[in-house]
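Below you'll find the structure, written out as structure tokens, and then a few comments.
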Amino acid sequence: MHSILIAMLVLGVAGALFAVLLYFVAQKFKVDENPLIDEIAEVLPGANCGGCGKAGCRALAEAFARQGNMDGLKCPAGGDAVAQKVAALLGCVTESAEPMVAVVRCRPCHVGDQALTRYDGLKDCSFAHSLYTGASGCSFGCLGLGSCVEACQFGALTIDPATHTPVVDEDACTACGACVKTCPRGVIELRAKGRQNRRVFVGCVNKEKGAQARKTCDNACIGCGKCEKVCPFDAVHVDNNLAYIDFSKCKSCRKCVAECPTGAIQSVGFPVPPAKPAPAAEAVAPAQGQAVETKLQSSTLNS
Amino acid sequence: MKTFSMGGVHPEENKISTSAVIESMPLPDQVVVLMNQHLGAPATPVVAKGDQVKAGQLIGEAQTFMCANVHSPVSGTVLKVDTCKDAFGLAKPAVYIQVQGDEWVDTVDRTPDIKRQCDLSPAEIVDKLKAMGVVGLGGATFPAHIKYAVPPGKKAEYLIINAVECEPYLTSDHRVMLEHAEEICIGVSILRKALGVPVAHIGIENNKPEPIAVMTAMARQFEGIHVEPLRVKYPQGAEKQLINAITGRKVPSGKLPIDVGCVVSNVGTAFAVYEAIQKNKPLVENILTVTGKTLPVQHNYQVRIGISYNDIIRHALGALPETAGKIISGGPMMGKAVCNLDAPTVKGASSLLVMDEAESRRQPETACIRCGKCVSACPMGLEPYLFSALVRNGRFEDAQRRNILDCIECGCCFFSCPACKPLTDEIRLGKNKVRALMAKKK
């Protein structure tokens with residue numbers, strides 16, 4: 001009994017002494033951290049995806065707090081909602097950016113299951129890219145080994161076993177851009193989500209001349225320029241045998257989709273027309289009240 | 001008997017086509033000559049659509065330092081100058097030629113006579129090698145005129161001729177030595193003269209007793225040629241390993257053979273040098289082995305460049321066996337799988353290996369058990385298992401510090417791995433990434 005009391009007494013006194021010592025040491029070497037950092041880190045998604053270019057969410061929060069405004073800094077994964085919250089914390093205003101989404105610009109017409117092109121090496125797209133064209137036979141298109149799926153921190157990408165190309169889950173995609181950086185062939189692009197999630201884009205990145213591209217894939221863009229001619233908004237341009245639709249100019253009229261001879265131009269999110277596309281297109285267009293928009297619709301109906 | 005000191009493996013040799021005499025491959029209707037058949041920049045085409053060309057005529061000119069001339073392998077009309085997909089499906093600049101007859105440029109000596117005397121000076125030899133578009137035929141297709149123009153301040157002490165042919169299946173060097181021993185020895189003498197070295201060593205593995213006997217007998221008639229039988233071990237045919245086996249020297253990390261006074265050339269290159277210097281014949285033909293365990297017949301062909309893989313298969317086998325799983329250009333250890341059979345053959349294509357579906361498949365990968373077999377197998381003294389982990393975790397700078405760029409991609413680590421981990425693939429990926437990082441820093 002006696003020895004227990006001594007032990008308790010010694011430890012108690014030692015503990016109290018150290019507590020006092022630690023208190024003064026803590027006061028002396030205190031690091032003043034901006035409390036804003038914690039607050040901002042709290043509203044950031046916390047996935048550490050690296051889409052902002054910083055080492056992680058906390059690094060971005062520190063950058064926000066240090067800078068005191070949002071110029072040049074952005075959380076692509078958090079999107080508008082997070083941007084508004086950060087702006088409120090920093091006491092600045094941010095213009096709301098258009099929400100973006102990743103799109104896969106490749107739709108191989110065949111999976112290429114011949115023995116000679118089958119690949120059983122390291123499952124890494126950039127490695128396969130350094131070796132050969134890929135199972136589809138196209139040296140520009142998706143290799144289908146899923147490096148983008150691995151890069152995605154939000155589980156927004158899956159490889160479709162039927163087409164061997166990635167499919168984007170639009171709700172999960174935060175447009176952080178990790179997949180875009182990973183893809184060795186630049187098949188994935190970040191595009192504006194579009195009104196009501198409706199988008200028109202060229203689903204091909206093949207820059208071969210028309211005949212060659214056609215030989216490689218039935219769905220390839222052959223650079224014929226029909227889309228460029230038909231576009232009323234100057235949104236489509238053919239460069240190096242490949243069409244590209246500028247999403248900031250595109251009004252989703254889908255004239256190019258109808259015109260494309262190979263079906264390389266894809267439209268996503270539009271309701272499937274029952275027989276004739278006209279009624280659906282009309283229902284789709286939101287009341288913008290702009291002259292261009294009205295003109296566009298009437299022309300869509302006429303065509 | 002000599003061999004290299006570190007690592008190495010013993011794959012099944014499968015040299016089943018050694019007894020097939022070299023045949024001449026008939027010309028197809030059309031050939032496609034790629035403009036980059038060598039290490040470095042593509043040659044610039046100097047012919048246009050509609051031009052008549054003769055076999056041996058210059059059609060692609062080397063206009064940059066790291067480049068080699070390309071000559072027409074056939075006579076006929078130029079159909080177009082365009083791009084063509086190579087064996088891996090990647091578009092490369094090429095000249096398409098419609099074959100008409102077989103007429104050669106007048107200067108080419110087509111007679112079977114052997115010409116022994118060579119009066120050219122070393123500088124003239126190098127210039128002629130450049131004009132004739134000779135490249136190394138051991139696999140890397142390094143332009144010969146660059147290799148034999150020794151940079152100032154460096155001195156060649158050893159000329160080593162690589163007749164090791166350590167890759168399983170390949171027999172083209174074996175057959176060339178049996179059938180063209182004298183020409184090879186003349187070629188070696190010319191190269192020896194170009195470098196000014198007293199002795200040339202021809203390294204041959206002792207699983208080829210016939211070529212060793214033939215070459216030894218022939219070398220006796222020449223001054224300064226020494227045949228060195230070597231103990232069988234893969235990858236003895238790799239430049240740095242062969243230097244180590246014959247001279248005992250080690251090429252330091254990041255250095256070239258010439259830094260330790262060595263120049264290494266393939267035995268096929270020596271034959272091409274003979275033809276270029278003595279017969280004025282540009283490099284337009286390869287010796288190519290068509291082989292495979294399941295094939296009914298094995299062949300060794302003398303093939304003009306630009307003939308497609310499909311043409312060769314049609315002539316040699318009629319049709320591809322249905323069980324074929326992979327067609328490999330080169331040997332099974334380091335060769336690359338051909339995915340586009342319409343592609344033309346190029347300088348340095350030494351074999352067309354047909355592998356069975358079952359033989360060509362990899363085993364499923366399991367976890368690394370830290371057995372260290374890859375470390376003992378690595379002929380460069382590297383740690384493949386570690387590179388695998390570093391590359392998978394994106395730690396490329398650490399991999400660079402541990403000399404990942406020293407890897408010669410011989411495949412010994414993957415071959416020896418009981419877990420079937422794609423170690424060589426991972427290291428190659430790591431090397432690509434490290435090179436990209438280095439280029440970015442510059």
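Each chain of the structure tokens is named A, B, ... in the order shown, its residues numbered from 1; ligands are numbered from 1 in display order.
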Exercise for review: Apply DSSP to the structure's backbone, then extract all residues of segment 141-258 of chain B labelled helix (DSSP H, G or I) and return them as a PyMOL selection string.
Suggested key: chain B and resi 144-147+172-179+181-195+209-220+239-247+257-258
Practice item. Please provide as JSON, numbers by chain all residues within 12 Å of segment 40-48 of chain B, with the sequence filter that same-chain residues fewer than 5 positions apart are discarded (counting only C-alpha atoms). Key: {"B": [33, 34, 35, 53, 54, 57, 58, 59, 60, 61, 62, 63, 64, 65, 66, 67, 68, 69, 70, 71, 72, 77, 78, 79, 80, 81, 82, 83, 92, 93, 94, 95, 96, 97, 133, 135, 140, 141, 142, 143, 146]}
Output file for the selection above: C-alpha atoms, as a PDB file, in the first residue's frame:
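Output below, filename again17.pdb:
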ATOM      1  CA  VAL B  33      10.318   0.956 -98.590  1.00  0.00           C
ATOM      2  CA  LEU B  34      10.066   2.729 -95.240  1.00  0.00           C
ATOM      3  CA  MET B  35      12.235   5.804 -94.839  1.00  0.00           C
ATOM      4  CA  VAL B  53      14.183   3.265-110.339  1.00  0.00           C
ATOM      5  CA  LYS B  54      16.716   0.454-110.520  1.00  0.00           C
ATOM      6  CA  GLN B  57      19.414   3.266-106.562  1.00  0.00           C
ATOM      7  CA  LEU B  58      19.300   5.872-103.793  1.00  0.00           C
ATOM      8  CA  ILE B  59      15.674   6.727-102.949  1.00  0.00           C
ATOM      9  CA  GLY B  60      16.011   8.173 -99.440  1.00  0.00           C
ATOM     10  CA  GLU B  61      18.853  10.469 -98.502  1.00  0.00           C
ATOM     11  CA  ALA B  62      20.276  10.953 -95.019  1.00  0.00           C
ATOM     12  CA  GLN B  63      20.162  14.684 -94.377  1.00  0.00           C
ATOM     13  CA  THR B  64      20.730  14.725 -90.633  1.00  0.00           C
ATOM     14  CA  PHE B  65      23.570  13.310 -88.547  1.00  0.00           C
ATOM     15  CA  MET B  66      21.736  10.338 -87.028  1.00  0.00           C
ATOM     16  CA  CYS B  67      20.306   8.930 -90.246  1.00  0.00           C
ATOM     17  CA  ALA B  68      21.147   6.449 -93.014  1.00  0.00           C
ATOM     18  CA  ASN B  69      20.596   6.327 -96.757  1.00  0.00           C
ATOM     19  CA  VAL B  70      17.847   4.087 -98.106  1.00  0.00           C
ATOM     20  CA  HIS B  71      18.090   2.414-101.521  1.00  0.00           C
ATOM     21  CA  SER B  72      15.553   0.789-103.770  1.00  0.00           C
ATOM     22  CA  THR B  77       8.154   2.527-111.100  1.00  0.00           C
ATOM     23  CA  VAL B  78       7.549   4.682-108.047  1.00  0.00           C
ATOM     24  CA  LEU B  79       3.804   4.499-107.384  1.00  0.00           C
ATOM     25  CA  LYS B  80       3.668   7.114-104.656  1.00  0.00           C
ATOM     26  CA  VAL B  81       5.567   8.709-101.827  1.00  0.00           C
ATOM     27  CA  ASP B  82       3.275   8.557 -98.848  1.00  0.00           C
ATOM     28  CA  THR B  83       3.038   7.050 -95.407  1.00  0.00           C
ATOM     29  CA  LYS B  92       5.864   6.088 -91.271  1.00  0.00           C
ATOM     30  CA  PRO B  93       7.037   7.884 -94.436  1.00  0.00           C
ATOM     31  CA  ALA B  94       7.536   5.391 -97.259  1.00  0.00           C
ATOM     32  CA  VAL B  95       8.122   4.967-100.990  1.00  0.00           C
ATOM     33  CA  TYR B  96       5.829   2.548-102.860  1.00  0.00           C
ATOM     34  CA  ILE B  97       7.430   0.825-105.863  1.00  0.00           C
ATOM     35  CA  GLY B 133      23.231   2.918 -96.182  1.00  0.00           C
ATOM     36  CA  VAL B 135      23.358  -0.094 -90.558  1.00  0.00           C
ATOM     37  CA  ALA B 140      19.385  -1.787 -83.091  1.00  0.00           C
ATOM     38  CA  THR B 141      20.059  -0.748 -86.740  1.00  0.00           C
ATOM     39  CA  PHE B 142      22.616   1.835 -85.626  1.00  0.00           C
ATOM     40  CA  PRO B 143      24.063   3.613 -88.717  1.00  0.00           C
ATOM     41  CA  ILE B 146      28.602   6.820 -87.247  1.00  0.00           C
TER      42      ILE B 146
END
Exercise for review: Determine which residues of chain B sit within 7 Å of chain A, taking into account only C-alpha atoms, and present them as a list in words.
Suggested key: Phe88, Gly89, Leu90, Gly325, Lys326, Ile327, Cys339, Arg362, Pro422, Asp425, Glu426 and Leu429 of chain B
Check your understanding: With distances taken over only C-alpha atoms, which of A:Pro271, A:Pro35, A:Gly223, A:Gly78 is nearest to Asn48 of chain A?
Key ->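 Of A:Pro271, A:Pro35, A:Gly223, A:Gly78, the one nearest Asn48 of chain A, counting only C-alpha atoms, is A:Gly78.
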Which residues of segment 139-189 of chain B sit at most 8 Å from segment 116-126 of chain B, using only C-alpha atoms? Give each one's shortest atom pair and distance in Å (one decimal place), in chain and ascending residue order, as a tab-separated table.
residue	atom	partner	partner_atom	distance
B:Ala144	CA	B:Val126	CA	7.9
B:His145	CA	B:Val126	CA	5.2
B:Tyr148	CA	B:Val126	CA	6.4
B:Ala149	CA	B:Val126	CA	6.6
B:Ile186	CA	B:Arg116	CA	6.4
Once you have the residues from the selection above, write them out as a tab-separated table (two decimals), in the first residue's frame, restricted to N, CA and C atoms.
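Contents of the output file selection.tsv:
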chain	number	residue	atom	x	y	z
B	144	ALA	N	26.09	2.50	-89.52
B	144	ALA	CA	27.48	2.02	-89.40
B	144	ALA	C	28.49	3.14	-89.55
B	145	HIS	N	28.18	4.13	-90.41
B	145	HIS	CA	29.18	5.19	-90.64
B	145	HIS	C	29.40	6.03	-89.39
B	148	TYR	N	31.68	3.69	-87.01
B	148	TYR	CA	33.07	3.49	-87.42
B	148	TYR	C	33.85	4.79	-87.59
B	149	ALA	N	33.16	5.93	-87.45
B	149	ALA	CA	33.89	7.21	-87.39
B	149	ALA	C	34.12	7.48	-85.91
B	186	ILE	N	36.49	-11.11	-95.00
B	186	ILE	CA	36.94	-9.92	-95.75
B	186	ILE	C	36.29	-8.67	-95.14
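For Gly210 of chain A, the non-local neighbours within 9 Å, defined as residues at least 5 positions apart in the same chain or in other chains and counting only C-alpha atoms, are Lys215, Ala220, Cys221, Ile222, Gly223, Cys224 and Asn241 of chain A.
When atom CA of Ile427 of chain B is paired with atom CA of Ser360 of chain B, their separation reads 20.8 Å.
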Check your understanding: Which neighbours of segment 239-254 of chain B fall inside 6 Å, counting only C-alpha atoms, when residues of the same chain fewer than 2 positions from it are skipped, and could you give them as a ChimeraX atom specification?
Key -> /B:2-4,236-237
Check your understanding: Hey, which of B:Lys155, B:Lys279, B:His174, B:Lys442 ends up closest to Asp113 of chain B? Count only C-alpha atoms.
Key -> B:Lys279
**Study point:** Thr291 of chain B surroundings by only C-alpha atoms, 10 Å radius, close-in-sequence under 6 positions cut, as a ChimeraX atom specification
**Key:** /B:14-17,169-171,297-300,316,351-355
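By only C-alpha atoms, and with residues fewer than 3 positions from segment 79-90 of chain A along its chain excluded, the set lying at most 7 Å from it is Ile40, Val43, Leu44, Gly68, Asn69, Cys75, Pro76, Val93, Thr94, Ser96, Ala97 and Pro99 of chain A.
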Can I get the selection written as a compact mmCIF listing (two decimals), in the first residue's frame, with C-alpha atoms?
# COMPACT_ATOMS: atom_id res chain seq x y z
CA ILE A 40 -11.35 26.33 -46.32
CA VAL A 43 -15.31 22.89 -47.52
CA LEU A 44 -12.94 21.39 -50.13
CA GLY A 68 -6.70 36.01 -49.98
CA ASN A 69 -8.61 35.80 -53.26
CA CYS A 75 -10.92 23.39 -57.29
CA PRO A 76 -12.08 21.71 -60.50
CA VAL A 93 -16.82 37.19 -55.32
CA THR A 94 -16.40 34.51 -57.92
CA SER A 96 -19.84 31.02 -61.59
CA ALA A 97 -17.98 28.85 -64.06
CA PRO A 99 -19.77 23.03 -65.11
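Across the structure, atom CA of Asn266 of chain B and atom CA of Asp127 of chain B are spaced 19.4 Å apart.
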Point to revise | Who sits within 10 Å of segment 229-236 of chain A, only C-alpha atoms, same chain under 2 positions skipped, as an MDAnalysis selection string | key: chainID A and resid 201:202 224:227 238:239 243:251 253:260 292 295:296 299
With 9 Å as the cut-off and only C-alpha atoms counted, what is the closest atom pair between each nearby residue of segment 183-246 of chain B and segment 402-413 of chain B? Distances in Å to one decimal, ordered by chain and number, as JSON lines.
{"residue": "B:Tyr234", "atom": "CA", "partner": "B:Cys412", "partner_atom": "CA", "distance": 8.0}
{"residue": "B:Pro235", "atom": "CA", "partner": "B:Cys410", "partner_atom": "CA", "distance": 6.7}
{"residue": "B:Ala238", "atom": "CA", "partner": "B:Ile408", "partner_atom": "CA", "distance": 7.9}
Once you have the residues from the selection above, write them out as a PDB file, in the first residue's frame, restricted to N, CA and C atoms.
ATOM      1  N   TYR B 234      22.435 -16.625 -72.149  1.00  0.00           N
ATOM      2  CA  TYR B 234      21.705 -15.462 -72.645  1.00  0.00           C
ATOM      3  C   TYR B 234      21.867 -14.333 -71.642  1.00  0.00           C
ATOM      4  N   PRO B 235      22.030 -13.093 -71.965  1.00  0.00           N
ATOM      5  CA  PRO B 235      22.149 -12.417 -73.262  1.00  0.00           C
ATOM      6  C   PRO B 235      23.589 -12.118 -73.635  1.00  0.00           C
ATOM      7  N   ALA B 238      24.281  -9.348 -76.225  1.00  0.00           N
ATOM      8  CA  ALA B 238      24.131  -7.925 -75.916  1.00  0.00           C
ATOM      9  C   ALA B 238      25.523  -7.311 -75.887  1.00  0.00           C
TER      10      ALA B 238
END
Check your understanding: Expressed in Å to a single decimal, how great is the separation between atom CA of Lys130 of chain B and atom CA of Leu195 of chain B?
Key ->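 Distance between the two atoms: 15.2 Å.
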Practice item. Among the residues of segment 143-174 of chain A, find those DSSP assigns to strand (DSSP E or B) from the backbone and print them as a list in words. Key: Leu157, Thr158, Ile159, Asp160, Thr165, Pro166, Val167 and Val168 of chain A
